[in-house]
Each structure stands twice: as C-alpha cells, then as structure tokens.
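Working notes, beginning with the structure itself.
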Amino acid sequence: VERMRQEYAARRRLLVDGLRDLVLSIPIDPPGAFYVLVDMRHFERSSLTLAFDILEQAHVAVGPGRDFGEIAAGFLRFSFATAPEPIEEGIARLGRALPKL
C-alpha cells in the first residue's frame with residue numbers, strides 16, 4: 001500500500017507540475033484524489049465545449065467540470081490514475097494544442 005501511495009503522489013506531482021508549466025491554474029493541490037481540477041474559465045467557453053475541443057485538437061480526454069457540480073463549472077478534471085508515460089504525453093499534446101484553442 002505504501003509503495004502505491006508513493007507512486008500516486010509522484011504521478012500527482014508530475015501532472016500538477018506539468019499543467020502549471022503550461023501556465024494553467026490549479027487553485028488547490030489535490031490532497032488525496034486521483035484527479036486535478038484546473039481552472040479554465042479564461043477560455044470563455046463551457047467546460048463541456050472545451051473538453052471536446054481538447055479531445056479533438058490534442059487527443060487528450062478530460063472531464064468537464066460541470067459534471068462534478070456547479071462549483072466546478074469552468075474547470076476541467078484531469079486524471080492521474082495511469083502510468084507516468086501517458087501523463088507526460090498528455091501534457092505534451094496539451095501544450096501543443098493550447099495555443100490553438
């Protein structure tokens with residue numbers, strides 16, 4: 001259990017640091033979940049529309065915040081419940097797509 005806790009902590013750090021390197025706002029570091037909520041309100045479109053735009057442009061699947069309650073509207077949910085390599089690839093794809101969004 002401790003090994004997996006450490007592995008997920010490393011994955012969380014990889015995702016949070018990578019998203020922040022893309023100058024995305026993460027108001028709260030997730031203390032114990034398998035996902036990160038990222039504030040995307042500066043894109044001035046719904047989180048659902050933005051999630052589909054990211055899927056189409058970057059081939060990265062994210063969850064629209066609105067699916068997790070009104071308080072998460074305008075946010076996107078990124079999961080780190082996968083190996084480090086897909087997290088790194090997703091961040092790279094997102095970095096290439098963000099200027100086009």
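Just so we're on the same page: first chain in the structure tokens is A, next is B, and so on; residues restart at 1 for each chain, and ligands are numbered from 1 in the order they show up.
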Do you know which residues are at most 8 Å from region 39-54 of chain A counting only C-alpha atoms, after dropping those on the same chain fewer than 4 positions away, and could you put them as a PyMOL selection string? chain A and resi 24-27+58-66+73-76+94+97+101
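Coordinates place CA of Ile71 (chain A) at a distance of 25.2 Å from CA of Ala9 (chain A).
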Residues of chain A in alpha helix (DSSP H), written as JSON, numbers by chain: {"A": [2, 3, 4, 5, 6, 7, 8, 9, 10, 11, 12, 13, 14, 15, 16, 17, 18, 19, 20, 21, 47, 48, 49, 50, 51, 52, 53, 54, 55, 56, 57, 58, 84, 85, 86, 87, 88, 89, 90, 91, 92, 93, 94, 95, 96, 97]}
Residues at most 10 Å from Phe34 (chain A), counting only C-alpha atoms, excluding those fewer than 5 positions away in the same chain, as an MDAnalysis selection string? chainID A and resid 8:9 11:12 77:82
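Distance check against Leu14 (chain A) using only C-alpha atoms: of A:Lys100, A:Arg93, A:Pro86, A:Leu55, the minimum falls on A:Pro86.
Of the residues in chain A, those given strand (DSSP E) by DSSP on the backbone are Tyr35, Val36, Leu37, Val38, Asp39, Gly63, Pro64, Phe75, Leu76, Arg77, Phe78 and Ser79 of chain A.
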Residues just named, written with all heavy atoms as a CSV table (one decimal), in the first residue's frame:
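The resulting file, selection08.csv, is reproduced below:
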chain,number,residue,atom,x,y,z
A,35,TYR,N,-7.4,12.8,-9.3
A,35,TYR,CA,-7.6,13.8,-10.4
A,35,TYR,C,-7.3,15.2,-9.9
A,35,TYR,O,-7.1,15.5,-8.7
A,35,TYR,CB,-9.1,13.8,-10.8
A,35,TYR,CG,-10.0,14.1,-9.7
A,35,TYR,CD1,-10.4,15.4,-9.4
A,35,TYR,CD2,-10.6,13.1,-8.9
A,35,TYR,CE1,-11.3,15.8,-8.4
A,35,TYR,CE2,-11.4,13.4,-7.9
A,35,TYR,CZ,-11.8,14.8,-7.6
A,35,TYR,OH,-12.6,15.0,-6.6
A,36,VAL,N,-7.1,16.1,-10.8
A,36,VAL,CA,-6.8,17.5,-10.6
A,36,VAL,C,-7.8,18.4,-11.3
A,36,VAL,O,-8.2,18.1,-12.4
A,36,VAL,CB,-5.4,17.9,-11.2
A,36,VAL,CG1,-5.1,19.3,-11.0
A,36,VAL,CG2,-4.3,17.0,-10.6
A,37,LEU,N,-8.4,19.4,-10.6
A,37,LEU,CA,-9.3,20.3,-11.2
A,37,LEU,C,-8.5,21.5,-11.6
A,37,LEU,O,-7.8,22.1,-10.8
A,37,LEU,CB,-10.4,20.7,-10.2
A,37,LEU,CG,-11.5,19.7,-10.1
A,37,LEU,CD1,-12.5,20.2,-9.0
A,37,LEU,CD2,-12.3,19.5,-11.4
A,38,VAL,N,-8.6,21.9,-12.9
A,38,VAL,CA,-7.9,23.0,-13.4
A,38,VAL,C,-8.8,24.1,-13.8
A,38,VAL,O,-9.8,23.8,-14.6
A,38,VAL,CB,-7.0,22.5,-14.7
A,38,VAL,CG1,-6.3,23.7,-15.3
A,38,VAL,CG2,-6.1,21.4,-14.3
A,39,ASP,N,-8.6,25.3,-13.4
A,39,ASP,CA,-9.4,26.5,-13.7
A,39,ASP,C,-9.2,26.9,-15.2
A,39,ASP,O,-8.1,27.3,-15.5
A,39,ASP,CB,-9.1,27.6,-12.8
A,39,ASP,CG,-10.0,28.8,-12.9
A,39,ASP,OD1,-10.8,28.9,-13.9
A,39,ASP,OD2,-10.0,29.7,-12.1
A,63,GLY,N,-12.3,15.6,-18.2
A,63,GLY,CA,-13.7,15.7,-17.8
A,63,GLY,C,-14.1,17.1,-17.6
A,63,GLY,O,-13.4,17.9,-17.0
A,64,PRO,N,-15.3,17.5,-18.2
A,64,PRO,CA,-15.8,18.8,-18.0
A,64,PRO,C,-16.2,19.0,-16.5
A,64,PRO,O,-16.9,18.1,-15.9
A,64,PRO,CB,-17.0,18.9,-18.9
A,64,PRO,CG,-17.4,17.5,-19.2
A,64,PRO,CD,-16.2,16.7,-19.0
A,75,PHE,N,-14.1,24.5,-14.9
A,75,PHE,CA,-12.9,23.8,-14.6
A,75,PHE,C,-12.9,22.5,-15.5
A,75,PHE,O,-13.9,22.0,-15.9
A,75,PHE,CB,-12.8,23.4,-13.1
A,75,PHE,CG,-12.6,24.5,-12.2
A,75,PHE,CD1,-13.5,25.5,-12.0
A,75,PHE,CD2,-11.4,24.6,-11.5
A,75,PHE,CE1,-13.3,26.5,-11.1
A,75,PHE,CE2,-11.1,25.6,-10.7
A,75,PHE,CZ,-12.1,26.6,-10.5
A,76,LEU,N,-11.7,21.9,-15.6
A,76,LEU,CA,-11.6,20.6,-16.3
A,76,LEU,C,-10.9,19.7,-15.3
A,76,LEU,O,-10.1,20.1,-14.5
A,76,LEU,CB,-10.7,20.7,-17.5
A,76,LEU,CG,-11.3,21.5,-18.7
A,76,LEU,CD1,-10.3,21.5,-19.9
A,76,LEU,CD2,-12.6,20.9,-19.2
A,77,ARG,N,-11.3,18.4,-15.4
A,77,ARG,CA,-10.8,17.4,-14.5
A,77,ARG,C,-9.8,16.5,-15.2
A,77,ARG,O,-10.2,15.9,-16.2
A,77,ARG,CB,-12.0,16.6,-13.9
A,77,ARG,CG,-11.6,15.5,-12.9
A,77,ARG,CD,-12.8,14.9,-12.4
A,77,ARG,NE,-12.5,13.7,-11.6
A,77,ARG,CZ,-13.3,13.0,-10.8
A,77,ARG,NH1,-14.6,13.4,-10.7
A,77,ARG,NH2,-12.9,12.0,-10.2
A,78,PHE,N,-8.6,16.5,-14.8
A,78,PHE,CA,-7.5,15.7,-15.4
A,78,PHE,C,-7.2,14.5,-14.4
A,78,PHE,O,-7.0,14.8,-13.2
A,78,PHE,CB,-6.2,16.5,-15.5
A,78,PHE,CG,-6.3,17.6,-16.6
A,78,PHE,CD1,-7.0,18.7,-16.4
A,78,PHE,CD2,-5.7,17.4,-17.8
A,78,PHE,CE1,-7.1,19.7,-17.4
A,78,PHE,CE2,-5.8,18.4,-18.8
A,78,PHE,CZ,-6.5,19.5,-18.6
A,79,SER,N,-7.2,13.3,-14.9
A,79,SER,CA,-6.9,12.2,-14.0
A,79,SER,C,-5.4,11.8,-14.1
A,79,SER,O,-4.8,11.9,-15.1
A,79,SER,CB,-7.7,11.0,-14.5
A,79,SER,OG,-7.3,9.8,-13.8
What is the distance between CA of Ala72 (chain A) and CA of Pro84 (chain A), in Å to one decimal? 25.6 Å
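In this comparison, which uses only C-alpha atoms, the residue of A:Ala10, A:Ala33, A:Ile28, A:Val23 approaching Ile87 (chain A) most closely is A:Ala10.
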Enter the distance from CA of Arg3 (chain A) to CA of Gly18 (chain A), in Å, rounded to one decimal. 22.5 Å
